[in-house]
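Notes to accompany the following structure.
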Amino acid sequence: MRRTVRTVPALLVALCLSSATLTGCSLFGAGADGAEESVEPPSAPRGLTVHAGSATSVHVMWNKSPGAAAVDRYEIFRGRTKVKSLPGKTYMADLNGLRPKATYSFRVRALDAEGNASQLSRKATVTMREPAPADDTPPAAPSGLRVAAAGSRAATLTWTPSKDGKDVTSYDVYQRGARIHSVPGGATSALVTGLRPGTDYMFSVKARDAADHSSTATEGVRHTTGGAGGGSTAGTAPADFEVATHAEDGAHHLDLSWDPPRTGGEVSEYRIYLNGRQTTTLAWGADAPKGRAKHSFFISRESGQTYRVKLRARLPDGNWGAFSPERTVTTGEG
């Protein structure tokens with residue numbers, strides 16, 4: 001068990017030592033024996049599964065760490081090597097760059113905000129698929145997509161499988177164009193968790209083969225989660241948004257910086273708006289910044305041009321969050 005050690009001011013130590021006739025003097029509030037207060041780490045995650053979606057990629061899923069200890073993040077290990085760290089409300093990940101036909105074992109552990117770690121989960125082993133033969137034809141799309149509520153934060157999707165059958169290695173669930181979940185090619189249903197109460201969603205499903213070719217999407221099905229919320233985007237806007245300009249080689253650039261919204265999952269995509277209109281989409285993919293985000297881009301070769309700038313994030317559930325505050329900046333100033 002990892003212990004959290006607290007430092008003690010020198011004055012408090014001196015006072016405690018000088019009070020030799022007193023009993024129960026404790027620097028840590030632990031009792032007369034001076035025992036250090038221990039912190040119980042999170043429990044090990046359960047239900048770990050690993051699915052090879054192609055010859056070089058896997059989809060890893062697990063259940064929330066049980067118990068009362070708060071989880072700040074999860075870490076995924078391949079063998080003895082840590083390969084990914086994820087926020088504490090994320091329970092799945094896609095891992096790429098693996099070798100065809102190789103066998104891998106994975107484990108997951110939970111950590112609290114102070115770094116106290118759980119035991120590793122039980123091992124899940126997977127053997128990668130053979131390299132896909134040369135094939136530029138995507139599989140046929142699944143059909144008959146249906147959705148049913150599974151509480152205020154989850155939904156169950158069911159569908160009729162693709163007619164290509166054995167050629168399908170995965171089914172990918174999309175929410176307004178963003179992939180949010182994957183299941184093996186033999187599945188005809190999926191439980192999607194991490195939804196927000198009182199929020200409107202539009203789901204679709206695509207089939208994917210071993211060559212990573214995806215079918216067209218099913219027709220979208222709409223679902224509104226129950227409970228309070230009413231689709232509120234409170235707390236989903238990028239925070240502390242700042243905009244500046246700089247000149248380089250006769251051109252003016254906008255310099256943006258912000259803190260990602262705390263949504264319980266990784267935020268890797270943003271839309272940037274200039275003067276009220278969407279100008280570009282910024283996508284980091286697997287390299288999304290963990291702390292403060294920064295982005296610069298060319299805007300004009302003329303000084304004295306004024307722009308109103310704001311941005312919003314695509315949330316882990318596939319919806320777009322609230323806008324940041326709008327900032328005004330003029331090229332050639334600052």
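Residues are referred to by chain and number: the chain letter is A, B, ... according to the order shown in the structure tokens, the number counts from 1 in that chain, and ligands are numbered separately from 1 in the order shown.
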
- Query: DSSP says strand (DSSP E or B) for which residues of segment 43-180 of chain A? Put them as an MDAnalysis selection string?
  - Reply: chainID A and resid 49:52 58:61 73:78 81:87 92:95 103:111 117 124:127 143:149 155:160 168:175 178:180

Each residue of segment 123-204 of chain A lying at most 12 Å from segment 45-58 of chain A should get a row with its shortest atom-to-atom pair and the distance in Å to one decimal, counting only C-alpha atoms; could you produce that, ordered by chain and increasing number, as a tab-separated table?
residue	atom	partner	partner_atom	distance
A:Lys123	CA	A:Leu48	CA	7.6
A:Ala124	CA	A:Thr49	CA	6.1
A:Thr125	CA	A:Val50	CA	7.1
A:Val126	CA	A:Val50	CA	6.5
A:Thr127	CA	A:Ala52	CA	7.4
A:Met128	CA	A:Ala55	CA	5.4
A:Arg129	CA	A:Ala55	CA	4.4
A:Glu130	CA	A:Ala55	CA	5.7
A:Pro131	CA	A:Ala55	CA	5.4
A:Ala132	CA	A:Ala55	CA	7.1
A:Pro133	CA	A:Ala55	CA	10.8
A:Asp167	CA	A:Ser54	CA	10.9
A:Val168	CA	A:Gly53	CA	9.1
A:Thr169	CA	A:Gly53	CA	5.6
A:Ser170	CA	A:Gly53	CA	5.5
A:Tyr171	CA	A:Gly53	CA	8.8
A:Asp172	CA	A:Gly53	CA	9.8
A:His181	CA	A:Gly53	CA	11.9
A:Ser182	CA	A:Gly53	CA	8.5
A:Val183	CA	A:His51	CA	7.7
A:Pro184	CA	A:His51	CA	6.5
A:Gly185	CA	A:Gly53	CA	8.1
A:Gly186	CA	A:His51	CA	11.2
A:Ala187	CA	A:His51	CA	11.6

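If you measure from each of A:Glu302, A:Glu242, A:Asp94, A:Glu219 to Thr328 of chain A using only C-alpha atoms, the closest one turns out to be A:Glu242.
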
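Among the candidate residues A:Asp240, A:Glu326, A:Glu248, A:Asp317, the one lying nearest to Leu274 of chain A is A:Glu326, with distances computed using only C-alpha atoms.
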
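With only C-alpha atoms as the atoms that count, the residue of A:Ala190, A:Val221, A:Leu315, A:Leu86 with the shortest distance to Pro238 of chain A is A:Leu315.
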
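The interatomic distance for the pair atom CA of Ala102 of chain A and atom CA of Ala117 of chain A works out to 29.1 Å.
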
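Taking only C-alpha atoms into account, Gly227 of chain A lies nearest to A:Ser152 out of the set A:Thr137, A:Thr330, A:Asn96, A:Ser152.
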
- Interatomic distance, atom CA of Gly177 of chain A to atom CA of Ser204 of chain A (Å, one decimal): 8.1 Å

- Best match for closeness to Gly144 of chain A among A:Lys294, A:Gly220, A:Arg80, A:Tyr307, counting only C-alpha atoms: A:Gly220

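Each of A:Arg176, A:Arg107, A:Arg146, A:Lys206 was compared to Leu120 of chain A using only C-alpha atoms, and A:Arg107 turns out to be the nearest.
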
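Backbone DSSP assigns helix (DSSP H, G or I) in segment 5-232 of chain A to Ala10, Leu11, Leu12, Val13, Ala14, Leu15, Cys16, Leu17, Ser18, Gly165, Lys166 and Asp167 of chain A.
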
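Across the model, the gap from atom CA of Pro142 of chain A to atom CA of Ala217 of chain A is 7.7 Å.
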